[in-house]
Every structure is written in C-alpha cells, then in structure tokens.
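Chemist: One file: structure.pdb (PDB, C-alpha atoms and all ligand atoms).
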```
ATOM      1  CA  MET A   7    -201.071   5.029 153.967  1.00  0.00           C
ATOM      2  CA  LEU A   8    -200.218   7.233 156.880  1.00  0.00           C
ATOM      3  CA  GLY A   9    -200.272   5.596 160.292  1.00  0.00           C
ATOM      4  CA  LYS A  10    -202.907   6.768 162.761  1.00  0.00           C
ATOM      5  CA  GLU A  11    -202.076   5.336 166.106  1.00  0.00           C
ATOM      6  CA  ASP A  12    -201.689   6.404 169.664  1.00  0.00           C
ATOM      7  CA  GLY A  13    -198.252   6.969 171.090  1.00  0.00           C
ATOM      8  CA  LYS A  14    -195.335   8.591 169.358  1.00  0.00           C
ATOM      9  CA  VAL A  15    -195.550   9.868 165.824  1.00  0.00           C
ATOM     10  CA  ARG A  16    -193.505   7.553 163.629  1.00  0.00           C
ATOM     11  CA  ILE A  17    -190.726   9.326 161.718  1.00  0.00           C
ATOM     12  CA  ALA A  18    -188.820   8.134 158.644  1.00  0.00           C
ATOM     13  CA  VAL A  19    -185.660   9.998 157.640  1.00  0.00           C
ATOM     14  CA  LEU A  20    -184.517   9.939 154.000  1.00  0.00           C
ATOM     15  CA  VAL A  21    -180.769  10.399 153.467  1.00  0.00           C
ATOM     16  CA  SER A  22    -178.097  10.207 150.774  1.00  0.00           C
ATOM     17  CA  GLY A  23    -174.815  11.221 152.366  1.00  0.00           C
ATOM     18  CA  GLY A  24    -172.946  12.029 155.546  1.00  0.00           C
ATOM     19  CA  GLY A  25    -176.075  12.247 157.623  1.00  0.00           C
ATOM     20  CA  THR A  26    -175.096  15.080 159.951  1.00  0.00           C
ATOM     21  CA  ASN A  27    -178.720  16.232 159.890  1.00  0.00           C
ATOM     22  CA  LEU A  28    -179.845  12.698 160.724  1.00  0.00           C
ATOM     23  CA  GLN A  29    -177.375  12.812 163.628  1.00  0.00           C
ATOM     24  CA  ALA A  30    -178.846  16.129 164.779  1.00  0.00           C
ATOM     25  CA  LEU A  31    -182.296  14.489 164.765  1.00  0.00           C
ATOM     26  CA  ILE A  32    -181.031  11.449 166.715  1.00  0.00           C
ATOM     27  CA  ASP A  33    -179.296  13.726 169.260  1.00  0.00           C
ATOM     28  CA  ALA A  34    -182.436  15.871 169.571  1.00  0.00           C
ATOM     29  CA  GLN A  35    -184.448  12.735 170.284  1.00  0.00           C
ATOM     30  CA  ASP A  36    -181.930  11.662 172.947  1.00  0.00           C
ATOM     31  CA  LYS A  37    -182.081  15.121 174.567  1.00  0.00           C
ATOM     32  CA  GLY A  38    -185.881  15.288 174.486  1.00  0.00           C
ATOM     33  CA  VAL A  39    -186.023  18.149 171.962  1.00  0.00           C
ATOM     34  CA  ILE A  40    -187.953  15.670 169.831  1.00  0.00           C
ATOM     35  CA  LYS A  41    -190.425  14.125 172.242  1.00  0.00           C
ATOM     36  CA  SER A  42    -193.652  13.742 170.266  1.00  0.00           C
ATOM     37  CA  GLY A  43    -192.079  11.543 167.598  1.00  0.00           C
ATOM     38  CA  GLU A  44    -189.632   8.685 167.224  1.00  0.00           C
ATOM     39  CA  ILE A  45    -187.296   7.914 164.318  1.00  0.00           C
ATOM     40  CA  VAL A  46    -188.181   4.343 163.376  1.00  0.00           C
ATOM     41  CA  LEU A  47    -186.786   4.119 159.837  1.00  0.00           C
ATOM     42  CA  VAL A  48    -183.907   5.528 157.800  1.00  0.00           C
ATOM     43  CA  VAL A  49    -183.924   5.097 154.021  1.00  0.00           C
ATOM     44  CA  SER A  50    -180.905   5.882 151.856  1.00  0.00           C
ATOM     45  CA  ASN A  51    -180.725   6.050 148.077  1.00  0.00           C
ATOM     46  CA  LYS A  52    -176.947   5.560 148.265  1.00  0.00           C
ATOM     47  CA  GLU A  53    -175.299   2.361 149.501  1.00  0.00           C
ATOM     48  CA  GLU A  54    -172.183   4.141 150.744  1.00  0.00           C
ATOM     49  CA  ALA A  55    -173.993   6.845 152.735  1.00  0.00           C
ATOM     50  CA  TYR A  56    -172.339   7.283 156.143  1.00  0.00           C
ATOM     51  CA  ALA A  57    -175.821   8.127 157.407  1.00  0.00           C
ATOM     52  CA  LEU A  58    -176.518   4.355 157.345  1.00  0.00           C
ATOM     53  CA  GLU A  59    -173.797   3.811 159.953  1.00  0.00           C
ATOM     54  CA  ARG A  60    -175.253   6.552 162.098  1.00  0.00           C
ATOM     55  CA  ALA A  61    -178.646   4.816 161.925  1.00  0.00           C
ATOM     56  CA  GLY A  62    -177.024   1.482 162.825  1.00  0.00           C
ATOM     57  CA  LYS A  63    -175.196   2.969 165.831  1.00  0.00           C
ATOM     58  CA  ALA A  64    -178.472   4.443 167.076  1.00  0.00           C
ATOM     59  CA  GLY A  65    -180.267   1.106 166.614  1.00  0.00           C
ATOM     60  CA  ILE A  66    -182.630   2.456 163.951  1.00  0.00           C
ATOM     61  CA  LYS A  67    -183.822   0.199 161.130  1.00  0.00           C
ATOM     62  CA  ALA A  68    -182.129   1.235 157.873  1.00  0.00           C
ATOM     63  CA  GLU A  69    -182.963   0.381 154.273  1.00  0.00           C
ATOM     64  CA  VAL A  70    -181.259   1.137 150.961  1.00  0.00           C
ATOM     65  CA  VAL A  71    -183.339   1.785 147.838  1.00  0.00           C
ATOM     66  CA  LEU A  72    -181.344   2.408 144.677  1.00  0.00           C
ATOM     67  CA  ARG A  73    -182.941   4.123 141.706  1.00  0.00           C
ATOM     68  CA  LYS A  74    -180.833   1.985 139.325  1.00  0.00           C
ATOM     69  CA  ASP A  75    -182.534  -1.189 140.592  1.00  0.00           C
ATOM     70  CA  PHE A  76    -185.864  -0.008 139.176  1.00  0.00           C
ATOM     71  CA  ASP A  77    -187.004   0.561 135.560  1.00  0.00           C
ATOM     72  CA  SER A  78    -188.825   3.755 136.353  1.00  0.00           C
ATOM     73  CA  GLN A  79    -189.099   6.540 138.895  1.00  0.00           C
ATOM     74  CA  ALA A  80    -192.636   5.267 139.586  1.00  0.00           C
ATOM     75  CA  SER A  81    -191.468   1.776 140.589  1.00  0.00           C
ATOM     76  CA  PHE A  82    -188.619   3.250 142.697  1.00  0.00           C
ATOM     77  CA  GLU A  83    -191.183   5.397 144.495  1.00  0.00           C
ATOM     78  CA  GLU A  84    -193.537   2.425 144.899  1.00  0.00           C
ATOM     79  CA  ARG A  85    -190.792   0.607 146.798  1.00  0.00           C
ATOM     80  CA  LEU A  86    -190.198   3.667 148.946  1.00  0.00           C
ATOM     81  CA  ASP A  87    -193.907   3.952 149.620  1.00  0.00           C
ATOM     82  CA  ALA A  88    -194.056   0.252 150.559  1.00  0.00           C
ATOM     83  CA  LEU A  89    -191.233   0.710 153.095  1.00  0.00           C
ATOM     84  CA  LEU A  90    -193.004   3.707 154.626  1.00  0.00           C
ATOM     85  CA  SER A  91    -196.271   1.761 154.853  1.00  0.00           C
ATOM     86  CA  GLU A  92    -194.598  -1.323 156.358  1.00  0.00           C
ATOM     87  CA  SER A  93    -193.154   0.842 159.132  1.00  0.00           C
ATOM     88  CA  ARG A  94    -196.469   2.724 159.552  1.00  0.00           C
ATOM     89  CA  ILE A  95    -194.735   6.055 159.000  1.00  0.00           C
ATOM     90  CA  ASP A  96    -196.575   9.272 159.862  1.00  0.00           C
ATOM     91  CA  ILE A  97    -193.995  11.847 158.793  1.00  0.00           C
ATOM     92  CA  VAL A  98    -191.075  11.795 156.366  1.00  0.00           C
ATOM     93  CA  VAL A  99    -188.048  14.000 156.998  1.00  0.00           C
ATOM     94  CA  MET A 100    -185.737  14.559 154.042  1.00  0.00           C
ATOM     95  CA  ALA A 101    -182.317  15.194 155.584  1.00  0.00           C
ATOM     96  CA  GLY A 102    -179.866  15.617 152.730  1.00  0.00           C
ATOM     97  CA  PHE A 103    -181.875  13.317 150.441  1.00  0.00           C
ATOM     98  CA  MET A 104    -180.534  14.096 146.960  1.00  0.00           C
ATOM     99  CA  SER A 105    -183.348  12.782 144.839  1.00  0.00           C
ATOM    100  CA  ILE A 106    -186.394  14.701 143.656  1.00  0.00           C
ATOM    101  CA  LEU A 107    -189.646  12.884 144.377  1.00  0.00           C
ATOM    102  CA  SER A 108    -192.451  13.104 141.825  1.00  0.00           C
ATOM    103  CA  GLY A 109    -195.667  15.013 142.354  1.00  0.00           C
ATOM    104  CA  SER A 110    -197.636  11.768 142.423  1.00  0.00           C
ATOM    105  CA  PHE A 111    -195.496  10.569 145.366  1.00  0.00           C
ATOM    106  CA  THR A 112    -195.572  13.833 147.318  1.00  0.00           C
ATOM    107  CA  ALA A 113    -199.357  14.113 146.795  1.00  0.00           C
ATOM    108  CA  ARG A 114    -199.759  10.911 148.827  1.00  0.00           C
ATOM    109  CA  TYR A 115    -198.253  12.653 151.876  1.00  0.00           C
ATOM    110  CA  PRO A 116    -199.687  16.177 151.940  1.00  0.00           C
ATOM    111  CA  ASP A 117    -198.028  18.245 154.716  1.00  0.00           C
ATOM    112  CA  ARG A 118    -196.305  15.076 155.888  1.00  0.00           C
ATOM    113  CA  ILE A 119    -192.952  15.372 154.093  1.00  0.00           C
ATOM    114  CA  ILE A 120    -190.484  18.039 155.186  1.00  0.00           C
ATOM    115  CA  ASN A 121    -187.058  18.938 153.814  1.00  0.00           C
ATOM    116  CA  ILE A 122    -184.035  20.911 154.969  1.00  0.00           C
ATOM    117  CA  HIS A 123    -182.491  23.188 152.354  1.00  0.00           C
ATOM    118  CA  PRO A 124    -179.195  25.014 152.964  1.00  0.00           C
ATOM    119  CA  SER A 125    -180.240  28.542 151.915  1.00  0.00           C
ATOM    120  CA  LEU A 126    -182.919  31.094 152.654  1.00  0.00           C
ATOM    121  CA  ILE A 127    -185.591  30.053 150.140  1.00  0.00           C
ATOM    122  CA  PRO A 128    -186.441  31.541 147.596  1.00  0.00           C
ATOM    123  CA  SER A 129    -182.703  32.222 147.101  1.00  0.00           C
ATOM    124  CA  PHE A 130    -180.460  29.512 145.687  1.00  0.00           C
ATOM    125  CA  CYS A 131    -183.037  26.752 145.493  1.00  0.00           C
ATOM    126  CA  GLY A 132    -184.782  24.510 142.984  1.00  0.00           C
ATOM    127  CA  LYS A 133    -183.355  22.006 140.539  1.00  0.00           C
ATOM    128  CA  GLY A 134    -179.531  21.796 140.596  1.00  0.00           C
ATOM    129  CA  PHE A 135    -179.199  23.581 143.948  1.00  0.00           C
ATOM    130  CA  TYR A 136    -178.085  20.965 146.439  1.00  0.00           C
ATOM    131  CA  GLY A 137    -175.223  20.436 148.869  1.00  0.00           C
ATOM    132  CA  LEU A 138    -172.098  22.521 148.236  1.00  0.00           C
ATOM    133  CA  HIS A 139    -173.519  23.939 144.974  1.00  0.00           C
ATOM    134  CA  VAL A 140    -175.910  26.044 147.032  1.00  0.00           C
ATOM    135  CA  HIS A 141    -173.066  27.658 148.983  1.00  0.00           C
ATOM    136  CA  GLU A 142    -170.962  28.129 145.836  1.00  0.00           C
ATOM    137  CA  ALA A 143    -173.878  29.998 144.267  1.00  0.00           C
ATOM    138  CA  ALA A 144    -174.347  32.165 147.375  1.00  0.00           C
ATOM    139  CA  LEU A 145    -170.643  33.083 147.413  1.00  0.00           C
ATOM    140  CA  ARG A 146    -170.650  33.759 143.656  1.00  0.00           C
ATOM    141  CA  TYR A 147    -173.598  36.105 144.062  1.00  0.00           C
ATOM    142  CA  GLY A 148    -171.930  37.837 146.980  1.00  0.00           C
ATOM    143  CA  VAL A 149    -174.754  37.685 149.520  1.00  0.00           C
ATOM    144  CA  LYS A 150    -173.777  38.750 153.041  1.00  0.00           C
ATOM    145  CA  VAL A 151    -176.442  36.643 154.742  1.00  0.00           C
ATOM    146  CA  THR A 152    -177.548  33.121 153.919  1.00  0.00           C
ATOM    147  CA  GLY A 153    -179.062  30.396 156.084  1.00  0.00           C
ATOM    148  CA  ALA A 154    -181.295  27.352 156.007  1.00  0.00           C
ATOM    149  CA  THR A 155    -184.973  26.609 155.445  1.00  0.00           C
ATOM    150  CA  VAL A 156    -187.245  23.767 156.510  1.00  0.00           C
ATOM    151  CA  HIS A 157    -190.247  23.462 154.222  1.00  0.00           C
ATOM    152  CA  PHE A 158    -193.004  21.077 153.264  1.00  0.00           C
ATOM    153  CA  VAL A 159    -192.331  19.047 150.137  1.00  0.00           C
ATOM    154  CA  ASN A 160    -194.701  19.211 147.190  1.00  0.00           C
ATOM    155  CA  GLU A 161    -194.362  18.741 143.432  1.00  0.00           C
ATOM    156  CA  ILE A 162    -192.194  21.874 143.036  1.00  0.00           C
ATOM    157  CA  PRO A 163    -188.528  21.336 144.020  1.00  0.00           C
ATOM    158  CA  ASP A 164    -187.960  23.446 147.181  1.00  0.00           C
ATOM    159  CA  GLY A 165    -191.355  25.061 146.492  1.00  0.00           C
ATOM    160  CA  GLY A 166    -193.518  23.864 149.397  1.00  0.00           C
ATOM    161  CA  ARG A 167    -194.718  26.047 152.272  1.00  0.00           C
ATOM    162  CA  ILE A 168    -191.933  27.323 154.530  1.00  0.00           C
ATOM    163  CA  ILE A 169    -191.986  26.050 158.128  1.00  0.00           C
ATOM    164  CA  LYS A 170    -188.829  27.593 159.601  1.00  0.00           C
ATOM    165  CA  GLN A 171    -185.823  29.650 158.512  1.00  0.00           C
ATOM    166  CA  LYS A 172    -182.646  30.801 160.208  1.00  0.00           C
ATOM    167  CA  ALA A 173    -180.169  33.338 158.890  1.00  0.00           C
ATOM    168  CA  VAL A 174    -176.387  32.871 159.015  1.00  0.00           C
ATOM    169  CA  GLU A 175    -173.721  35.472 158.227  1.00  0.00           C
ATOM    170  CA  VAL A 176    -171.312  35.023 155.341  1.00  0.00           C
ATOM    171  CA  MET A 177    -167.754  35.871 156.440  1.00  0.00           C
ATOM    172  CA  GLU A 178    -164.877  37.444 154.535  1.00  0.00           C
ATOM    173  CA  GLY A 179    -162.767  34.660 153.006  1.00  0.00           C
ATOM    174  CA  ASP A 180    -165.473  31.984 153.233  1.00  0.00           C
ATOM    175  CA  THR A 181    -165.207  28.973 150.938  1.00  0.00           C
ATOM    176  CA  ALA A 182    -168.223  26.834 150.071  1.00  0.00           C
ATOM    177  CA  GLU A 183    -166.964  24.355 152.684  1.00  0.00           C
ATOM    178  CA  THR A 184    -166.553  26.854 155.542  1.00  0.00           C
ATOM    179  CA  LEU A 185    -169.925  28.391 154.725  1.00  0.00           C
ATOM    180  CA  GLN A 186    -171.609  24.982 154.573  1.00  0.00           C
ATOM    181  CA  LYS A 187    -170.189  24.106 157.993  1.00  0.00           C
ATOM    182  CA  ARG A 188    -171.421  27.386 159.553  1.00  0.00           C
ATOM    183  CA  VAL A 189    -174.895  27.007 158.000  1.00  0.00           C
ATOM    184  CA  MET A 190    -175.123  23.456 159.324  1.00  0.00           C
ATOM    185  CA  GLU A 191    -173.920  24.335 162.844  1.00  0.00           C
ATOM    186  CA  GLN A 192    -175.826  27.604 163.257  1.00  0.00           C
ATOM    187  CA  ALA A 193    -179.010  26.782 161.357  1.00  0.00           C
ATOM    188  CA  GLU A 194    -179.692  23.294 159.935  1.00  0.00           C
ATOM    189  CA  TRP A 195    -178.925  21.205 163.009  1.00  0.00           C
ATOM    190  CA  ILE A 196    -181.157  23.504 165.094  1.00  0.00           C
ATOM    191  CA  ILE A 197    -184.190  24.179 162.912  1.00  0.00           C
ATOM    192  CA  LEU A 198    -184.608  20.687 161.450  1.00  0.00           C
ATOM    193  CA  PRO A 199    -185.129  19.012 164.860  1.00  0.00           C
ATOM    194  CA  GLU A 200    -187.296  21.947 166.043  1.00  0.00           C
ATOM    195  CA  ALA A 201    -189.525  21.774 162.961  1.00  0.00           C
ATOM    196  CA  THR A 202    -189.736  17.981 163.216  1.00  0.00           C
ATOM    197  CA  GLU A 203    -190.935  18.227 166.822  1.00  0.00           C
ATOM    198  CA  GLU A 204    -193.443  20.948 165.917  1.00  0.00           C
ATOM    199  CA  ILE A 205    -195.006  18.871 163.138  1.00  0.00           C
ATOM    200  CA  CYS A 206    -195.006  15.700 165.270  1.00  0.00           C
ATOM    201  CA  ALA A 207    -196.696  17.561 168.129  1.00  0.00           C
ATOM    202  CA  GLU A 208    -199.301  18.876 165.698  1.00  0.00           C
ATOM    203  CA  ILE A 209    -199.974  15.353 164.340  1.00  0.00           C
ATOM    204  CA  ALA A 210    -200.191  13.965 167.872  1.00  0.00           C
ATOM    205  CA  ARG A 211    -202.686  16.679 168.900  1.00  0.00           C
ATOM    206  CA  GLY A 212    -204.863  15.899 165.890  1.00  0.00           C
ATOM    207  CA  ARG A 213    -205.243  12.219 166.734  1.00  0.00           C
TER     208      ARG A 213
HETATM  209  C1  LIG A 301    -177.194  19.511 154.048  1.00  0.00           C
HETATM  210  O1  LIG A 301    -176.501  20.715 153.996  1.00  0.00           O
HETATM  211  C2  LIG A 301    -178.593  19.679 153.518  1.00  0.00           C
HETATM  212  O2  LIG A 301    -179.173  20.908 153.860  1.00  0.00           O
HETATM  213  C3  LIG A 301    -178.354  19.618 152.041  1.00  0.00           C
HETATM  214  O3  LIG A 301    -177.392  18.597 151.884  1.00  0.00           O
HETATM  215  C4  LIG A 301    -176.593  18.502 153.070  1.00  0.00           C
HETATM  216  C5  LIG A 301    -176.644  17.094 153.596  1.00  0.00           C
HETATM  217  O4  LIG A 301    -175.749  16.905 154.645  1.00  0.00           O
HETATM  218  N1  LIG A 301    -179.559  19.338 151.307  1.00  0.00           N
HETATM  219  C6  LIG A 301    -179.803  19.828 150.099  1.00  0.00           C
HETATM  220  O5  LIG A 301    -179.016  20.500 149.471  1.00  0.00           O
HETATM  221  C7  LIG A 301    -181.176  19.469 149.530  1.00  0.00           C
HETATM  222  N2  LIG A 301    -181.477  20.283 148.398  1.00  0.00           N
HETATM  223  P1  LIG A 301    -175.917  15.718 155.695  1.00  0.00           P
HETATM  224  O6  LIG A 301    -176.013  14.414 154.905  1.00  0.00           O
HETATM  225  O7  LIG A 301    -174.653  15.774 156.492  1.00  0.00           O
HETATM  226  O8  LIG A 301    -177.136  15.988 156.517  1.00  0.00           O
END
```
Taking this structure as input, can you express it in the form of structure tokens?
Modeler:
Amino acid sequence: MLGKEDGKVRIAVLVSGGGTNLQALIDAQDKGVIKSGEIVLVVSNKEEAYALERAGKAGIKAEVVLRKDFDSQASFEERLDALLSESRIDIVVMAGFMSILSGSFTARYPDRIINIHPSLIPSFCGKGFYGLHVHEAALRYGVKVTGATVHFVNEIPDGGRIIKQKAVEVMEGDTAETLQKRVMEQAEWIILPEATEEICAEIARGR
C-alpha cells in the first residue's frame, strides 16, 4: 500500500549497479533540488552494486533482494512489495534497476514508479536495451542526437507516459562509453532529480 502521511513524500530507489543516478538524487536532496521528498530506502537486486555503498555513506537504509533466492518472479516481487510497504513508500524511482517488473506489480503503483532510460524514447528502448547496449545501438544507427528520458513505469518495458526528456549531441569519434558519460552528465543526472521533485511535489499537494 502507498503511504499517505503528512510531511515529506517517502522515496525508494531501486538500483543494480554503480548508482551514479542514485548519487545524483542524494546530491539533489542535499542541495534542496529535491525538497518535497526524502529517500528513505534503497533496494538492489545485485549484492555487489556500488550503489549500496553510496546508500550506506548517505545513511540511507539499504536492502538486497536477489531474484535467485525466490522460486518465481511473483514471490520476488512480493518481497519487494513488502519492503516498500514496511518503509511506507510513496514513490519508487528506478535508477539503473536492470530487472523488468511484471504488470501485476506495476499495476499496484499506478503513476508512482518512475524510471530513467538513457535514450530519447521511443528510440533504442524496450527489452534488451539497457546500459551500454543503448548507446551501442545509437552509435550503430548513426543518430546525431540522443539523450535521456524519465517516464512512468507500466507493464510495457519503457512504455509508460513520458515525464521529461533531454537531448544530448553525439560527437565524432564517440564510443559507447564516452556517449554514456555525456548522456549521464548532461541529461540523466539533471532530469531524474527534477522529475522526482516534480512528482513528489504533486503527491504532497494532493494530500
Ligand atoms: C544509467 O545510464 C541508466 O539510465 C541506465 O543504466 C545506467 C545505470 O547507471 N538504465 C537503463 O538502461 C534502464 N533500461 P547508474 O547505476 O550509474 O545510475
């Protein structure tokens, strides 16, 4: 169940890797860019995710939920749901979370789960397009402009309503790595915190 309380909107961040987007959210909270919400929980589906250390350094409760510890996607998602309920989470931010959640999970949180994707949706998105693969595909296609998108999460991978997008130029000689870095610096780390604050402010207003 979604929390409905006074005070700050309670944010959970789902991660799988380095957690630079989580860091951008933490920094935005420190700087007051995120002021309507507070990150109270980080959940990783990978034990080795550096994002867990970032959560620890920021004093945020962190949990690991591994798909392999559960017989089914449904029981994995039940555990995730239980963690969100225990922390009375209002909004879930997927920040480099490399696992596709089922329609029955996302339906429990309508307009309350957002995701950052490293391209301008509807280009280079959907199943199989994650992390560096997205930038490899953009370079292979030869686009001159790419970017990042924050969108709501529903049952269609990368198919939910778009909240924010920012374009980034592709440069001559780019590799997937250099392009990924530019997209993160010029788009992801800016629009994810902005969108998070916008949704939190909207939730807070509706209380
Ligand atoms: C980010 O580029 C994020 O947009 C992407 O993975 C990276 C995670 O980096 N997400 C996806 O591709 C989701 N389809 P981070 O762990 O350093 O934030």
Chemist: Selected by the PyMOL selection byres (((chain A and resi 143) around 12) and not hetatm) in the shown coordinates: which residues, as a PyMOL selection string?
Modeler: chain A and resi 124-125+129-131+134-142+144-149+152+181-182+185-186
Chemist: Might you pull out every residue within 6 Å of Val99 in chain A, with only C-alpha atoms counted and same-chain residues fewer than 5 positions away left off, and present them as number ranges by chain?
Modeler: A: 19, 119-121
Chemist: Generate the output file for the selected residues, C-alpha atoms, as a PDB file, keeping the file's coordinate frame.
Modeler:
```
ATOM      1  CA  VAL A  19    -185.660   9.998 157.640  1.00  0.00           C
ATOM      2  CA  ILE A 119    -192.952  15.372 154.093  1.00  0.00           C
ATOM      3  CA  ILE A 120    -190.484  18.039 155.186  1.00  0.00           C
ATOM      4  CA  ASN A 121    -187.058  18.938 153.814  1.00  0.00           C
TER       5      ASN A 121
END
```
Chemist: Please evaluate the PyMOL selection byres (((not hetatm)) within 10 of (chain A and resi 301)) against the displayed coordinates and give the resulting residues as an mmCIF file with C-alpha atoms, keeping the file's coordinate frame.
Modeler:
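To be explicit, this is the file written out as part_11.cif:
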```cif
data_model
loop_
_atom_site.group_PDB
_atom_site.id
_atom_site.type_symbol
_atom_site.label_atom_id
_atom_site.label_comp_id
_atom_site.auth_asym_id
_atom_site.auth_seq_id
_atom_site.Cartn_x
_atom_site.Cartn_y
_atom_site.Cartn_z
ATOM 1 C CA LEU A 20 -184.517 9.939 154.000
ATOM 2 C CA VAL A 21 -180.769 10.399 153.467
ATOM 3 C CA SER A 22 -178.097 10.207 150.774
ATOM 4 C CA GLY A 23 -174.815 11.221 152.366
ATOM 5 C CA GLY A 24 -172.946 12.029 155.546
ATOM 6 C CA GLY A 25 -176.075 12.247 157.623
ATOM 7 C CA THR A 26 -175.096 15.080 159.951
ATOM 8 C CA ASN A 27 -178.720 16.232 159.890
ATOM 9 C CA LEU A 28 -179.845 12.698 160.724
ATOM 10 C CA GLN A 29 -177.375 12.812 163.628
ATOM 11 C CA ALA A 30 -178.846 16.129 164.779
ATOM 12 C CA LEU A 31 -182.296 14.489 164.765
ATOM 13 C CA ALA A 55 -173.993 6.845 152.735
ATOM 14 C CA TYR A 56 -172.339 7.283 156.143
ATOM 15 C CA ALA A 57 -175.821 8.127 157.407
ATOM 16 C CA MET A 100 -185.737 14.559 154.042
ATOM 17 C CA ALA A 101 -182.317 15.194 155.584
ATOM 18 C CA GLY A 102 -179.866 15.617 152.730
ATOM 19 C CA PHE A 103 -181.875 13.317 150.441
ATOM 20 C CA MET A 104 -180.534 14.096 146.960
ATOM 21 C CA SER A 105 -183.348 12.782 144.839
ATOM 22 C CA ILE A 106 -186.394 14.701 143.656
ATOM 23 C CA ASN A 121 -187.058 18.938 153.814
ATOM 24 C CA ILE A 122 -184.035 20.911 154.969
ATOM 25 C CA HIS A 123 -182.491 23.188 152.354
ATOM 26 C CA PRO A 124 -179.195 25.014 152.964
ATOM 27 C CA SER A 125 -180.240 28.542 151.915
ATOM 28 C CA PHE A 130 -180.460 29.512 145.687
ATOM 29 C CA CYS A 131 -183.037 26.752 145.493
ATOM 30 C CA GLY A 132 -184.782 24.510 142.984
ATOM 31 C CA LYS A 133 -183.355 22.006 140.539
ATOM 32 C CA GLY A 134 -179.531 21.796 140.596
ATOM 33 C CA PHE A 135 -179.199 23.581 143.948
ATOM 34 C CA TYR A 136 -178.085 20.965 146.439
ATOM 35 C CA GLY A 137 -175.223 20.436 148.869
ATOM 36 C CA LEU A 138 -172.098 22.521 148.236
ATOM 37 C CA HIS A 139 -173.519 23.939 144.974
ATOM 38 C CA VAL A 140 -175.910 26.044 147.032
ATOM 39 C CA HIS A 141 -173.066 27.658 148.983
ATOM 40 C CA GLY A 153 -179.062 30.396 156.084
ATOM 41 C CA ALA A 154 -181.295 27.352 156.007
ATOM 42 C CA THR A 155 -184.973 26.609 155.445
ATOM 43 C CA VAL A 156 -187.245 23.767 156.510
ATOM 44 C CA PRO A 163 -188.528 21.336 144.020
ATOM 45 C CA ASP A 164 -187.960 23.446 147.181
ATOM 46 C CA GLN A 186 -171.609 24.982 154.573
ATOM 47 C CA LYS A 187 -170.189 24.106 157.993
ATOM 48 C CA VAL A 189 -174.895 27.007 158.000
ATOM 49 C CA MET A 190 -175.123 23.456 159.324
ATOM 50 C CA GLU A 191 -173.920 24.335 162.844
ATOM 51 C CA ALA A 193 -179.010 26.782 161.357
ATOM 52 C CA GLU A 194 -179.692 23.294 159.935
ATOM 53 C CA TRP A 195 -178.925 21.205 163.009
ATOM 54 C CA LEU A 198 -184.608 20.687 161.450
#
```
Chemist: When the PyMOL selection byres (((chain A and resi 205) around 10) and not hetatm) is applied to the file above, which residues end up in the set, as a PDB file with C-alpha atoms, in the frame of the given file?
Modeler:
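Output saved as expr.pdb:
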```pdb
ATOM      1  CA  VAL A  15    -195.550   9.868 165.824  1.00  0.00           C
ATOM      2  CA  SER A  42    -193.652  13.742 170.266  1.00  0.00           C
ATOM      3  CA  GLY A  43    -192.079  11.543 167.598  1.00  0.00           C
ATOM      4  CA  ILE A  97    -193.995  11.847 158.793  1.00  0.00           C
ATOM      5  CA  ASP A 117    -198.028  18.245 154.716  1.00  0.00           C
ATOM      6  CA  ARG A 118    -196.305  15.076 155.888  1.00  0.00           C
ATOM      7  CA  ILE A 119    -192.952  15.372 154.093  1.00  0.00           C
ATOM      8  CA  ILE A 120    -190.484  18.039 155.186  1.00  0.00           C
ATOM      9  CA  ILE A 169    -191.986  26.050 158.128  1.00  0.00           C
ATOM     10  CA  GLU A 200    -187.296  21.947 166.043  1.00  0.00           C
ATOM     11  CA  ALA A 201    -189.525  21.774 162.961  1.00  0.00           C
ATOM     12  CA  THR A 202    -189.736  17.981 163.216  1.00  0.00           C
ATOM     13  CA  GLU A 203    -190.935  18.227 166.822  1.00  0.00           C
ATOM     14  CA  GLU A 204    -193.443  20.948 165.917  1.00  0.00           C
ATOM     15  CA  CYS A 206    -195.006  15.700 165.270  1.00  0.00           C
ATOM     16  CA  ALA A 207    -196.696  17.561 168.129  1.00  0.00           C
ATOM     17  CA  GLU A 208    -199.301  18.876 165.698  1.00  0.00           C
ATOM     18  CA  ILE A 209    -199.974  15.353 164.340  1.00  0.00           C
ATOM     19  CA  ALA A 210    -200.191  13.965 167.872  1.00  0.00           C
ATOM     20  CA  ARG A 211    -202.686  16.679 168.900  1.00  0.00           C
TER      21      ARG A 211
END
```
Chemist: One decimal, in Å: what's the spacing between CA of Glu178 in chain A and CA of Leu126 in chain A?
Modeler: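 It comes out at 19.2 Å.
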Chemist: Between CA of Ser91 in chain A and CA of Ile17 in chain A, what is the distance in Å, rounded to a tenth?
Modeler: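 Answer for the CA of Ser91 in chain A to CA of Ile17 in chain A separation: 11.6 Å.
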Chemist: For a test of reading the model, state the distance in Å between CA of Lys67 in chain A and CA of Val48 in chain A, rounded to one decimal.
Modeler: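 Between CA of Lys67 in chain A and CA of Val48 in chain A the gap works out to 6.3 Å.
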Chemist: Once 4 Å is added on each side, what centre and edge lengths in Å to one decimal does the axis-aligned box around all listed atoms of range 200-206 of chain A have, as lines of an AutoDock Vina configuration file?
Modeler:
```
center_x = -191.2
center_y = 18.8
center_z = 164.9
size_x = 15.7
size_y = 14.2
size_z = 11.9
```
Chemist: Restricting the calculation to only C-alpha atoms: of A:Lys170, A:Lys74, A:Lys150, A:Arg114, which residue gets closest to Ile127 in chain A?
Modeler: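 Closest to Ile127 in chain A of all the choices is A:Lys170.
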Chemist: May I have the protein, DNA and RNA residues with an atom at most 6 Å from (-193.9, 8.1, 158.4), counting all atoms listed in the file in the file's coordinates, returned as a ChimeraX atom specification?
Modeler: /A:16-18,90,95-98
Chemist: Keeping only C-alpha atoms, take the residues you just selected and write them out as an mmCIF file, in the frame of the given file.
Modeler:
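The resulting file, again12.cif, is shown below:
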```cif
data_model
loop_
_atom_site.group_PDB
_atom_site.id
_atom_site.type_symbol
_atom_site.label_atom_id
_atom_site.label_comp_id
_atom_site.auth_asym_id
_atom_site.auth_seq_id
_atom_site.Cartn_x
_atom_site.Cartn_y
_atom_site.Cartn_z
ATOM 1 C CA ARG A 16 -193.505 7.553 163.629
ATOM 2 C CA ILE A 17 -190.726 9.326 161.718
ATOM 3 C CA ALA A 18 -188.820 8.134 158.644
ATOM 4 C CA LEU A 90 -193.004 3.707 154.626
ATOM 5 C CA ILE A 95 -194.735 6.055 159.000
ATOM 6 C CA ASP A 96 -196.575 9.272 159.862
ATOM 7 C CA ILE A 97 -193.995 11.847 158.793
ATOM 8 C CA VAL A 98 -191.075 11.795 156.366
#
```
Chemist: Which is closer to Lys14 in chain A than all the others in A:Ile40, A:Ala68, A:Ala173, A:Ala34, using all atoms listed in the file?
Modeler: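 Nearest candidate to Lys14 in chain A out of A:Ile40, A:Ala68, A:Ala173, A:Ala34: A:Ile40.
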Chemist: Tell me, as a PyMOL selection string, which residues lie within 8 Å of Arg73 in chain A, counting only C-alpha atoms; anything in the same chain fewer than 4 positions away does not count.
Modeler: chain A and resi 51+78-79+82
Chemist: Closest to Gln171 in chain A among A:His157, A:Arg94, A:Arg188, A:Lys63, using only C-alpha atoms?
Modeler: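 Nearest to Gln171 in chain A: A:His157.
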